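> Structure file final06.txt, compact mmCIF, C-alpha atoms and all ligand atoms, is pasted below:
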# COMPACT_ATOMS: atom_id res chain seq x y z
CA MET A 5 0.00 0.00 0.00
CA LYS A 6 2.92 2.33 0.68
CA ARG A 7 4.05 2.38 -2.94
CA LEU A 8 0.51 2.88 -4.17
CA MET A 9 0.10 5.92 -1.92
CA THR A 10 3.21 7.59 -3.33
CA THR A 11 1.90 7.19 -6.84
CA LEU A 12 -1.49 8.52 -5.82
CA ALA A 13 0.01 11.48 -3.97
CA ALA A 14 2.19 12.45 -6.90
CA GLY A 15 -0.73 12.06 -9.28
CA ALA A 16 -3.02 14.27 -7.18
CA ALA A 17 -0.77 17.29 -7.61
CA LEU A 18 -0.96 17.03 -11.40
CA LEU A 19 -4.70 16.74 -11.60
CA ALA A 20 -6.72 19.77 -12.67
CA THR A 21 -9.77 20.73 -10.61
CA PRO A 22 -12.88 19.32 -12.28
CA ALA A 23 -14.99 22.18 -13.62
CA ALA A 24 -18.21 21.02 -11.95
CA ALA A 25 -16.69 21.57 -8.54
CA ASP A 26 -15.88 25.23 -8.98
CA GLU A 27 -18.96 26.97 -7.58
CA LEU A 28 -19.13 25.06 -4.30
CA ARG A 29 -15.38 25.13 -3.91
CA ASP A 30 -15.10 28.86 -4.61
CA SER A 31 -17.78 29.56 -2.07
CA LEU A 32 -15.93 27.40 0.46
CA GLY A 33 -12.70 29.21 -0.34
CA GLU A 34 -14.24 32.44 0.92
CA LYS A 35 -15.24 30.70 4.15
CA MET A 36 -11.88 29.07 4.83
CA PRO A 37 -10.21 31.93 6.76
CA ALA A 38 -13.08 31.96 9.29
CA LEU A 39 -13.08 28.15 9.47
CA MET A 40 -9.33 28.14 10.17
CA GLU A 41 -9.84 30.68 12.98
CA LEU A 42 -12.53 28.42 14.40
CA TYR A 43 -10.22 25.41 14.07
CA LYS A 44 -7.39 27.16 15.93
CA ASP A 45 -9.74 28.22 18.69
CA LEU A 46 -11.08 24.67 19.07
CA HIS A 47 -7.55 23.26 18.94
CA ALA A 48 -6.35 25.60 21.69
CA ASN A 49 -9.35 24.77 23.90
CA PRO A 50 -9.90 21.01 23.86
CA GLU A 51 -12.16 19.34 26.41
CA LEU A 52 -12.30 15.72 27.58
CA SER A 53 -15.13 13.29 26.83
CA PHE A 54 -18.53 14.36 28.20
CA GLU A 55 -16.95 17.64 29.32
CA GLU A 56 -17.33 19.40 25.94
CA VAL A 57 -19.27 22.28 27.49
CA ARG A 58 -17.49 25.28 25.98
CA THR A 59 -17.15 23.50 22.64
CA ALA A 60 -20.84 22.57 22.49
CA ALA A 61 -22.03 26.06 23.48
CA LYS A 62 -19.80 27.73 20.92
CA LEU A 63 -20.83 25.47 18.05
CA ALA A 64 -24.53 25.55 19.01
CA GLU A 65 -24.37 29.32 18.66
CA LEU A 66 -22.77 29.06 15.22
CA MET A 67 -25.45 26.60 14.08
CA ARG A 68 -28.21 28.95 15.29
CA ASP A 69 -26.59 31.71 13.24
CA GLU A 70 -27.07 29.51 10.15
CA GLY A 71 -30.79 29.13 10.84
CA PHE A 72 -30.87 25.61 12.35
CA GLU A 73 -33.24 24.65 15.19
CA VAL A 74 -30.67 23.77 17.82
CA THR A 75 -31.15 21.56 20.89
CA GLU A 76 -28.33 21.30 23.40
CA GLN A 77 -27.56 18.68 26.04
CA VAL A 78 -28.76 15.69 24.05
CA GLY A 79 -26.80 12.76 25.56
CA ARG A 80 -25.20 15.02 28.17
CA THR A 81 -23.12 17.47 26.07
CA GLY A 82 -24.37 16.57 22.57
CA VAL A 83 -25.96 19.12 20.22
CA VAL A 84 -28.64 18.40 17.59
CA SER A 85 -29.27 20.95 14.83
CA VAL A 86 -32.19 20.46 12.45
CA MET A 87 -33.07 22.28 9.23
CA ARG A 88 -36.45 21.28 7.76
CA ASN A 89 -36.63 22.21 4.12
CA GLY A 90 -39.55 20.44 2.45
CA ASP A 91 -40.07 16.85 1.35
CA GLY A 92 -37.16 14.53 0.85
CA PRO A 93 -34.75 12.31 2.71
CA VAL A 94 -33.46 12.88 6.23
CA VAL A 95 -29.70 13.24 6.06
CA MET A 96 -27.66 13.21 9.26
CA LEU A 97 -24.11 14.56 9.41
CA ARG A 98 -22.05 13.91 12.52
CA ALA A 99 -18.93 15.39 14.06
CA ASP A 100 -17.39 14.34 17.36
CA MET A 101 -16.19 16.90 19.87
CA ASP A 102 -13.89 15.39 22.48
CA GLY A 103 -10.15 15.81 23.02
CA LEU A 104 -7.78 13.39 24.76
CA PRO A 105 -5.70 13.35 27.95
CA VAL A 106 -2.47 13.97 26.04
CA VAL A 107 0.16 16.68 26.67
CA GLU A 108 0.53 18.43 23.31
CA GLN A 109 4.04 18.57 21.87
CA THR A 110 3.39 19.83 18.34
CA GLY A 111 4.95 23.25 18.98
CA LEU A 112 2.11 24.88 17.00
CA PRO A 113 1.53 28.56 17.86
CA PHE A 114 -2.04 27.66 18.85
CA ALA A 115 -1.07 24.47 20.73
CA SER A 116 -3.24 23.54 23.69
CA THR A 117 -2.03 24.37 27.18
CA GLN A 118 -5.26 23.17 28.76
CA THR A 119 -5.29 20.68 31.61
CA ALA A 120 -8.03 18.57 33.14
CA THR A 121 -8.47 15.87 35.73
CA PRO A 122 -10.08 12.76 34.22
CA ALA A 123 -11.68 9.92 36.16
CA SER A 124 -8.24 8.49 36.96
CA GLY A 125 -7.73 11.48 39.29
CA VAL A 126 -4.37 12.39 37.70
CA THR A 127 -4.27 15.89 36.21
CA THR A 128 -3.09 15.83 32.61
CA GLY A 129 -2.77 18.02 29.56
CA VAL A 130 -5.64 17.91 27.08
CA MET A 131 -5.18 17.85 23.33
CA HIS A 132 -7.18 17.38 20.16
CA ALA A 133 -4.81 14.55 19.31
CA CYS A 134 -7.42 12.67 17.26
CA GLY A 135 -8.26 15.64 15.04
CA HIS A 136 -11.86 16.08 16.20
CA ASP A 137 -11.19 19.83 15.93
CA THR A 138 -10.86 19.39 12.15
CA HIS A 139 -14.12 17.42 12.16
CA MET A 140 -15.97 20.24 13.91
CA ALA A 141 -14.56 22.99 11.69
CA ALA A 142 -15.50 20.99 8.56
CA PHE A 143 -18.95 20.34 10.05
CA ILE A 144 -19.48 24.11 10.39
CA GLY A 145 -18.10 24.59 6.88
CA ALA A 146 -20.63 22.09 5.49
CA ALA A 147 -23.46 23.68 7.52
CA ARG A 148 -22.67 27.08 6.05
CA LEU A 149 -22.48 25.77 2.48
CA LEU A 150 -25.79 23.94 2.87
CA ALA A 151 -27.63 26.73 4.67
CA GLU A 152 -26.88 29.22 1.93
CA ARG A 153 -27.98 26.72 -0.74
CA LYS A 154 -31.37 25.99 0.79
CA ASP A 155 -33.10 26.62 -2.53
CA GLU A 156 -31.04 23.84 -4.15
CA TRP A 157 -32.17 21.02 -1.85
CA SER A 158 -35.28 19.56 -0.35
CA GLY A 159 -35.45 17.36 2.72
CA THR A 160 -34.44 17.45 6.36
CA LEU A 161 -30.89 18.05 7.44
CA VAL A 162 -29.92 16.82 10.90
CA MET A 163 -26.44 17.80 12.02
CA ILE A 164 -25.22 16.34 15.28
CA LEU A 165 -22.24 17.16 17.47
CA GLN A 166 -21.45 14.03 19.42
CA PRO A 167 -19.66 13.90 22.77
CA ALA A 168 -17.34 11.21 24.09
CA GLU A 169 -16.35 9.35 20.94
CA GLU A 170 -13.07 8.45 22.64
CA LEU A 171 -14.95 6.55 25.35
CA GLY A 172 -17.17 4.89 22.75
CA LEU A 173 -20.17 6.14 24.75
CA GLY A 174 -21.31 9.41 23.19
CA ALA A 175 -23.32 8.06 20.26
CA LEU A 176 -25.27 5.71 22.50
CA ALA A 177 -25.84 8.52 25.02
CA MET A 178 -27.44 10.63 22.27
CA LEU A 179 -29.55 7.72 21.01
CA GLU A 180 -30.72 6.88 24.52
CA ASP A 181 -31.64 10.53 24.99
CA GLY A 182 -34.05 10.34 22.05
CA LEU A 183 -31.95 11.21 19.00
CA TYR A 184 -34.26 9.12 16.78
CA THR A 185 -37.51 9.90 18.62
CA ARG A 186 -37.27 13.58 19.55
CA PHE A 187 -35.67 14.42 16.18
CA PRO A 188 -36.18 13.11 12.63
CA GLU A 189 -34.74 9.61 12.18
CA PRO A 190 -32.14 9.61 9.40
CA ASP A 191 -32.24 7.75 6.10
CA TYR A 192 -28.53 8.46 5.71
CA ALA A 193 -25.79 9.01 8.31
CA ILE A 194 -22.45 10.39 7.17
CA ALA A 195 -19.22 11.26 8.98
CA PHE A 196 -15.52 11.48 8.29
CA HIS A 197 -12.38 11.01 10.34
CA ASP A 198 -8.99 12.54 9.68
CA ALA A 199 -6.29 9.98 8.88
CA ALA A 200 -2.62 9.89 9.82
CA GLN A 201 -1.54 7.33 7.22
CA PHE A 202 -2.02 9.29 4.02
CA PRO A 203 -1.41 12.75 2.61
CA ALA A 204 -3.64 15.69 3.40
CA GLY A 205 -6.62 16.01 1.12
CA MET A 206 -6.75 12.34 0.06
CA ILE A 207 -10.05 10.54 0.65
CA GLY A 208 -9.97 6.91 1.77
CA TYR A 209 -12.88 4.51 2.17
CA SER A 210 -13.68 0.89 2.95
CA PRO A 211 -17.00 -0.58 1.75
CA GLY A 212 -18.57 -3.00 4.27
CA TYR A 213 -16.83 -3.36 7.62
CA ALA A 214 -14.55 -0.34 8.10
CA LEU A 215 -13.81 -0.54 11.82
CA ALA A 216 -13.99 -3.32 14.38
CA ASN A 217 -16.10 -4.51 17.29
CA VAL A 218 -14.17 -3.40 20.36
CA ASP A 219 -14.60 -5.37 23.58
CA SER A 220 -12.78 -4.76 26.83
CA VAL A 221 -12.53 -7.93 28.90
CA ASP A 222 -11.32 -8.36 32.49
CA ILE A 223 -10.25 -11.75 33.83
CA THR A 224 -9.69 -12.23 37.52
CA VAL A 225 -7.74 -15.42 38.23
CA PRO A 226 -7.86 -16.54 41.85
CA GLY A 227 -5.02 -18.60 43.28
CA ILE A 228 -4.14 -19.96 46.68
CA GLY A 229 -1.30 -17.84 48.02
CA GLY A 230 1.63 -18.79 50.19
CA HIS A 231 5.42 -18.86 50.55
CA GLY A 232 7.44 -18.71 47.33
CA ALA A 233 9.72 -21.46 48.63
CA TYR A 234 6.83 -23.91 49.15
CA PRO A 235 4.86 -23.80 45.86
CA HIS A 236 3.42 -27.28 46.49
CA THR A 237 1.30 -25.79 49.30
CA THR A 238 -0.20 -23.14 46.98
CA LYS A 239 -2.00 -22.69 43.66
CA ASP A 240 0.06 -20.12 41.80
CA PRO A 241 -2.22 -17.67 39.93
CA ILE A 242 0.70 -16.25 37.93
CA VAL A 243 1.46 -19.61 36.37
CA LEU A 244 -2.24 -20.21 35.76
CA ALA A 245 -2.84 -16.76 34.27
CA SER A 246 0.24 -17.20 32.07
CA ALA A 247 -1.22 -20.44 30.73
CA ILE A 248 -4.47 -18.60 30.01
CA VAL A 249 -2.59 -15.85 28.14
CA MET A 250 -0.78 -18.39 25.97
CA LYS A 251 -3.87 -20.49 25.30
CA LEU A 252 -5.85 -17.37 24.30
CA GLN A 253 -3.53 -16.98 21.32
CA THR A 254 -5.01 -20.14 19.81
CA LEU A 255 -8.47 -18.56 19.57
CA VAL A 256 -7.29 -16.35 16.73
CA SER A 257 -4.73 -18.73 15.22
CA ARG A 258 -6.71 -22.01 15.47
CA GLU A 259 -10.43 -21.31 15.99
CA SER A 260 -11.20 -18.18 13.95
CA SER A 261 -11.36 -18.40 10.20
CA PRO A 262 -8.13 -17.04 8.70
CA LEU A 263 -10.37 -14.97 6.43
CA ASP A 264 -12.24 -13.34 9.32
CA PRO A 265 -9.97 -10.82 11.09
CA ALA A 266 -9.71 -11.04 14.87
CA VAL A 267 -7.40 -9.71 17.57
CA ILE A 268 -6.93 -10.66 21.21
CA THR A 269 -4.39 -8.53 23.04
CA VAL A 270 -3.66 -8.96 26.74
CA GLY A 271 -2.71 -5.38 27.52
CA SER A 272 -2.36 -5.69 31.27
CA PHE A 273 -1.23 -8.49 33.60
CA HIS A 274 -1.02 -7.71 37.31
CA ALA A 275 -0.24 -10.02 40.21
CA GLY A 276 1.87 -10.25 43.31
CA ALA A 277 3.85 -7.83 45.45
CA LYS A 278 7.14 -9.45 46.45
CA HIS A 279 9.80 -11.92 45.29
CA ASN A 280 9.03 -14.69 47.71
CA ILE A 281 5.26 -14.59 48.04
CA ILE A 282 2.92 -16.52 45.80
CA SER A 283 -0.01 -14.22 45.22
CA ASP A 284 -3.61 -15.25 45.68
CA GLU A 285 -4.86 -13.43 42.59
CA ALA A 286 -3.87 -12.30 39.09
CA LYS A 287 -5.73 -9.81 36.93
CA LEU A 288 -5.72 -9.61 33.14
CA GLN A 289 -7.13 -6.87 30.92
CA LEU A 290 -7.79 -7.66 27.26
CA THR A 291 -8.88 -5.84 24.17
CA VAL A 292 -10.78 -8.06 21.76
CA ARG A 293 -11.43 -7.00 18.14
CA SER A 294 -13.59 -8.54 15.44
CA TYR A 295 -15.94 -7.52 12.62
CA SER A 296 -18.93 -9.85 12.56
CA ASP A 297 -21.27 -10.64 15.47
CA GLU A 298 -20.47 -14.35 14.99
CA SER A 299 -16.74 -13.78 15.24
CA ARG A 300 -17.22 -11.62 18.33
CA LYS A 301 -19.25 -14.37 20.00
CA LEU A 302 -16.67 -17.03 19.11
CA LEU A 303 -13.91 -14.98 20.75
CA LEU A 304 -15.83 -14.02 23.88
CA ASP A 305 -17.18 -17.54 24.44
CA GLY A 306 -13.69 -18.91 23.82
CA ILE A 307 -12.10 -16.61 26.38
CA ALA A 308 -14.54 -17.73 29.07
CA ARG A 309 -14.05 -21.39 28.14
CA ILE A 310 -10.25 -21.18 28.14
CA ALA A 311 -10.09 -19.31 31.46
CA ARG A 312 -12.23 -21.99 33.11
CA GLY A 313 -10.54 -24.87 31.30
CA GLU A 314 -7.04 -23.82 32.32
CA ALA A 315 -8.17 -23.36 35.93
CA ILE A 316 -9.56 -26.89 35.93
CA ALA A 317 -6.32 -28.18 34.41
CA ALA A 318 -4.40 -26.42 37.20
CA GLY A 319 -6.52 -28.21 39.80
CA MET A 320 -8.30 -25.13 41.10
CA PRO A 321 -11.34 -25.93 43.24
CA GLU A 322 -14.75 -25.15 41.74
CA ASP A 323 -15.28 -22.19 44.07
CA ARG A 324 -12.09 -20.50 42.84
CA MET A 325 -12.71 -20.44 39.09
CA PRO A 326 -11.65 -17.31 37.14
CA THR A 327 -14.28 -14.64 36.56
CA VAL A 328 -14.53 -13.10 33.10
CA THR A 329 -16.26 -9.72 32.69
CA VAL A 330 -17.07 -8.16 29.32
CA GLU A 331 -17.53 -4.40 29.51
CA ASP A 332 -21.03 -3.23 28.63
CA PRO A 333 -21.73 -1.34 26.42
CA TYR A 334 -19.10 -2.31 23.86
CA THR A 335 -18.27 -0.45 20.65
CA PRO A 336 -19.84 -2.34 17.74
CA SER A 337 -18.11 -2.63 14.36
CA THR A 338 -18.69 0.18 11.87
CA TYR A 339 -20.30 -0.86 8.62
CA ASN A 340 -20.33 1.23 5.46
CA SER A 341 -23.36 0.30 3.35
CA PRO A 342 -21.44 -1.10 0.36
CA ASP A 343 -23.55 0.07 -2.61
CA TYR A 344 -24.15 3.46 -1.08
CA THR A 345 -20.42 3.86 -0.35
CA GLU A 346 -19.50 3.12 -3.97
CA THR A 347 -22.09 5.62 -5.21
CA VAL A 348 -20.72 8.35 -2.96
CA MET A 349 -17.15 7.61 -4.00
CA ALA A 350 -18.03 7.73 -7.69
CA GLY A 351 -19.26 11.28 -7.02
CA PHE A 352 -16.13 12.14 -5.03
CA ARG A 353 -13.91 10.83 -7.84
CA GLU A 354 -15.68 13.10 -10.27
CA ARG A 355 -15.42 16.07 -7.95
CA PHE A 356 -11.95 15.68 -6.45
CA GLY A 357 -10.28 13.71 -9.22
CA GLU A 358 -9.67 10.00 -9.60
CA ASP A 359 -6.32 10.17 -7.81
CA ARG A 360 -7.54 11.74 -4.60
CA VAL A 361 -10.02 8.97 -3.78
CA MET A 362 -8.86 5.47 -2.89
CA GLN A 363 -10.20 2.32 -1.33
CA VAL A 364 -8.15 1.42 1.74
CA PRO A 365 -8.05 -1.67 3.96
CA SER A 366 -10.40 -1.79 6.94
CA VAL A 367 -8.83 -1.31 10.36
CA MET A 368 -9.24 -2.98 13.76
CA GLY A 369 -9.74 0.35 15.54
CA GLY A 370 -13.22 1.25 16.75
CA GLU A 371 -15.68 4.13 16.27
CA ASP A 372 -19.00 4.52 17.96
CA PHE A 373 -20.39 6.11 14.79
CA SER A 374 -21.44 2.47 14.26
CA GLN A 375 -24.26 2.95 16.77
CA PHE A 376 -26.23 5.22 14.44
CA LEU A 377 -26.67 2.49 11.82
CA ARG A 378 -27.14 -0.29 14.41
CA ASN A 379 -29.99 1.66 15.95
CA GLY A 380 -31.52 2.80 12.66
CA ASP A 381 -34.17 1.08 10.56
CA ASP A 382 -33.32 -1.59 7.99
CA GLU A 383 -33.35 0.81 5.05
CA MET A 384 -30.87 3.22 6.57
CA LYS A 385 -27.50 3.78 4.85
CA SER A 386 -24.35 4.85 6.59
CA LEU A 387 -20.83 5.89 5.64
CA ILE A 388 -17.71 7.04 7.42
CA PHE A 389 -14.77 7.97 5.22
CA TRP A 390 -11.20 9.07 5.89
CA VAL A 391 -9.63 12.36 4.95
CA GLY A 392 -5.84 12.26 4.95
CA GLY A 393 -4.16 14.81 7.19
CA VAL A 394 -0.39 14.32 6.82
CA PRO A 395 1.28 17.46 5.41
CA GLN A 396 2.55 16.55 1.94
CA ASP A 397 6.19 17.51 2.66
CA GLN A 398 6.22 15.36 5.81
CA TYR A 399 4.64 12.50 3.94
CA ASP A 400 7.21 12.71 1.15
CA ALA A 401 10.09 12.96 3.64
CA ALA A 402 8.82 9.90 5.52
CA GLN A 403 8.51 7.93 2.28
CA GLU A 404 12.09 8.90 1.46
CA SER A 405 13.60 8.12 4.86
CA GLY A 406 11.37 5.18 5.76
CA GLU A 407 10.75 6.74 9.16
CA GLY A 408 7.35 6.60 10.79
CA LEU A 409 4.86 9.45 11.03
CA PRO A 410 2.96 10.50 14.18
CA SER A 411 -0.25 8.49 14.53
CA LEU A 412 -3.62 9.71 15.74
CA HIS A 413 -3.50 10.16 19.55
CA SER A 414 0.19 11.11 19.30
CA PRO A 415 1.24 14.31 21.12
CA PHE A 416 2.91 15.26 17.81
CA TRP A 417 -0.17 14.85 15.56
CA ALA A 418 -0.39 18.15 13.64
CA PRO A 419 -2.43 17.61 10.48
CA ASP A 420 -2.54 19.99 7.54
CA ALA A 421 -5.84 21.21 8.94
CA GLU A 422 -6.59 23.52 6.06
CA LYS A 423 -6.59 20.65 3.57
CA VAL A 424 -8.57 18.37 5.86
CA ILE A 425 -11.22 20.99 6.56
CA ALA A 426 -11.49 22.15 2.93
CA THR A 427 -11.75 18.59 1.59
CA ALA A 428 -14.20 17.38 4.22
CA SER A 429 -16.47 20.46 4.18
CA GLU A 430 -16.79 20.16 0.43
CA ALA A 431 -17.28 16.39 0.50
CA LEU A 432 -19.99 16.50 3.18
CA ALA A 433 -21.84 19.37 1.52
CA ALA A 434 -21.58 17.89 -1.97
CA GLU A 435 -22.90 14.49 -0.91
CA THR A 436 -25.76 16.05 1.05
CA LEU A 437 -26.69 18.19 -1.97
CA ARG A 438 -26.62 15.08 -4.16
CA LEU A 439 -28.92 13.16 -1.82
CA MET A 440 -31.38 16.02 -1.44
CA ALA A 441 -31.18 17.56 -4.93
CA LYS A 442 -34.46 19.13 -6.01
ZN ZN B 1 -9.37 8.92 18.82
ZN ZN B 2 -11.25 10.18 16.67
For this file, write the structure as structure tokens.

Amino acid sequence: MKRLMTTLAAGAALLATPAAADELRDSLGEKMPALMELYKDLHANPELSFEEVRTAAKLAELMRDEGFEVTEQVGRTGVVSVMRNGDGPVVMLRADMDGLPVVEQTGLPFASTQTATPASGVTTGVMHACGHDTHMAAFIGAARLLAERKDEWSGTLVMILQPAEELGLGALAMLEDGLYTRFPEPDYAIAFHDAAQFPAGMIGYSPGYALANVDSVDITVPGIGGHGAYPHTTKDPIVLASAIVMKLQTLVSRESSPLDPAVITVGSFHAGAKHNIISDEAKLQLTVRSYSDESRKLLLDGIARIARGEAIAAGMPEDRMPTVTVEDPYTPSTYNSPDYTETVMAGFRERFGEDRVMQVPSVMGGEDFSQFLRNGDDEMKSLIFWVGGVPQDQYDAAQESGEGLPSLHSPFWAPDAEKVIATASEALAAETLRLMAK
């Protein structure tokens, strides 16, 4: 894929702007200075998940200015903006608002110096390290383009600002607070995410599964503690938990289909306090990733079975079996309606040029944007696409040197925000206009 990207990136620079795109793009060009100011303000003032109070209030005001009916505090800090404009489909656009507990190290003149104290109790810097600030600025850009073209479309536009994407809880919070009952239920849901793997202004997409089911699993493994010099008088939970960790690897390698992606990572293993004491408990924390519901079930059932099976093999008594807890709610996999996705991308290819739009492999990361389709009716279509954010010169230099680039969530993630916002504003507005064309 690396080589392909270079070719695509080089090709994009040569490509002339398709004529059909001019009017919308020119109009956006006039709006870009204000959108960049907004972006810098959002970047300098990030807020943690479910604490997006300033952000929500500021953006709600901007949406009111465009003539939307705006409702705040939907799903705690979420904002729903509706524009009813005659008969036609209900199209929902979504941006997420939260920053991350990361100390920014980009050195940007508008870098965040904000701090907050998350649930962990440890005060930390806060940063828009996932690029949600670019999502919000592009969201406002699209709102402005669509509001001033009201005579070109017919239907209902629902634009939502979602809290707490990073916790995987914000979308569900909005749905549980009546997103689909208090407001028009969408026929289409569309969002984008900035991407740290390809050059700024490129559009990437994956038809079908785009992002994974994300499950957090805790396993508590009881033992029978005692003196480290007399193991025969104990049941060592570290040895038992180690056996569980090793055996879990066979779920992906031996039980899942090689054609159905799955991940089990044991990210945390805690037990014991001292060299010569055999602990009476070990604790494991896992992240489990899959696409289909069947694959998810196979993994979760397998984890429970292996934990119990290994404990039996170790001779643990029935009343000291491991306990396995799957966090609820989980983040379900994100599915891009395949035919709809291809239709949208055909339009994007025409608008942005063949070489700026590419199909990319799905990833095992998660996005709670998935909840909007999962909770919609059977006819609903949904799409999340990527907009590359890596500044072209940095991308080229990395290709040359073979060195890595900062990922999303990195304290060094500094996208070419202007290209992300311009590309995404235009893409969101253009697709909405296509769906609701008079
Ligand atoms: Zn993120
Ligand atoms: Zn994100």
> Using all atoms listed in the file, which residues sit within 8 Å of stretch 326-328 of chain A once same-chain residues fewer than 6 positions away are excluded, as a PyMOL selection string?
chain A and resi 221-226+307-308+311-312+315
> Convert the current residue selection to file output with C-alpha atoms, as a JSON list (two decimals), in the frame of the given file.

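Result file follows (result_1.json):
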[["chain", "number", "residue", "atom", "x", "y", "z"],
["A", 221, "VAL", "CA", -12.53, -7.93, 28.90],
["A", 222, "ASP", "CA", -11.32, -8.36, 32.49],
["A", 223, "ILE", "CA", -10.25, -11.75, 33.83],
["A", 224, "THR", "CA", -9.69, -12.23, 37.52],
["A", 225, "VAL", "CA", -7.74, -15.42, 38.23],
["A", 226, "PRO", "CA", -7.86, -16.54, 41.85],
["A", 307, "ILE", "CA", -12.10, -16.61, 26.38],
["A", 308, "ALA", "CA", -14.54, -17.73, 29.07],
["A", 311, "ALA", "CA", -10.09, -19.31, 31.46],
["A", 312, "ARG", "CA", -12.23, -21.99, 33.11],
["A", 315, "ALA", "CA", -8.17, -23.36, 35.93]]
> Please find the residues contacting ligand ZN 1 (chain B) at a distance of at most 10 Å between atoms, with all atoms listed in the file counted, and report them as a ChimeraX atom specification.
/A:100,102-104,132-136,168-172,197-198,369-371,412-414
> Looking at A:Ile207, A:Ala433, A:Ala233, A:Leu244, which one is nearest to A:Val361, with distances taken over all atoms listed in the file?
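Ranking A:Ile207, A:Ala433, A:Ala233, A:Leu244 by distance to A:Val361, first place goes to A:Ile207.
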> What is the atom CA of A:Ala147 to atom CA of A:Met101 distance in Å?
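Interatomic distance, atom CA of A:Ala147 to atom CA of A:Met101: 15.9 Å.
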> Quick one: of A:Pro122, A:Pro241, A:Pro395, A:Gly129, who's nearest to A:Asp284, counting only C-alpha atoms?
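Among A:Pro122, A:Pro241, A:Pro395, A:Gly129, it is A:Pro241 that comes nearest to A:Asp284.
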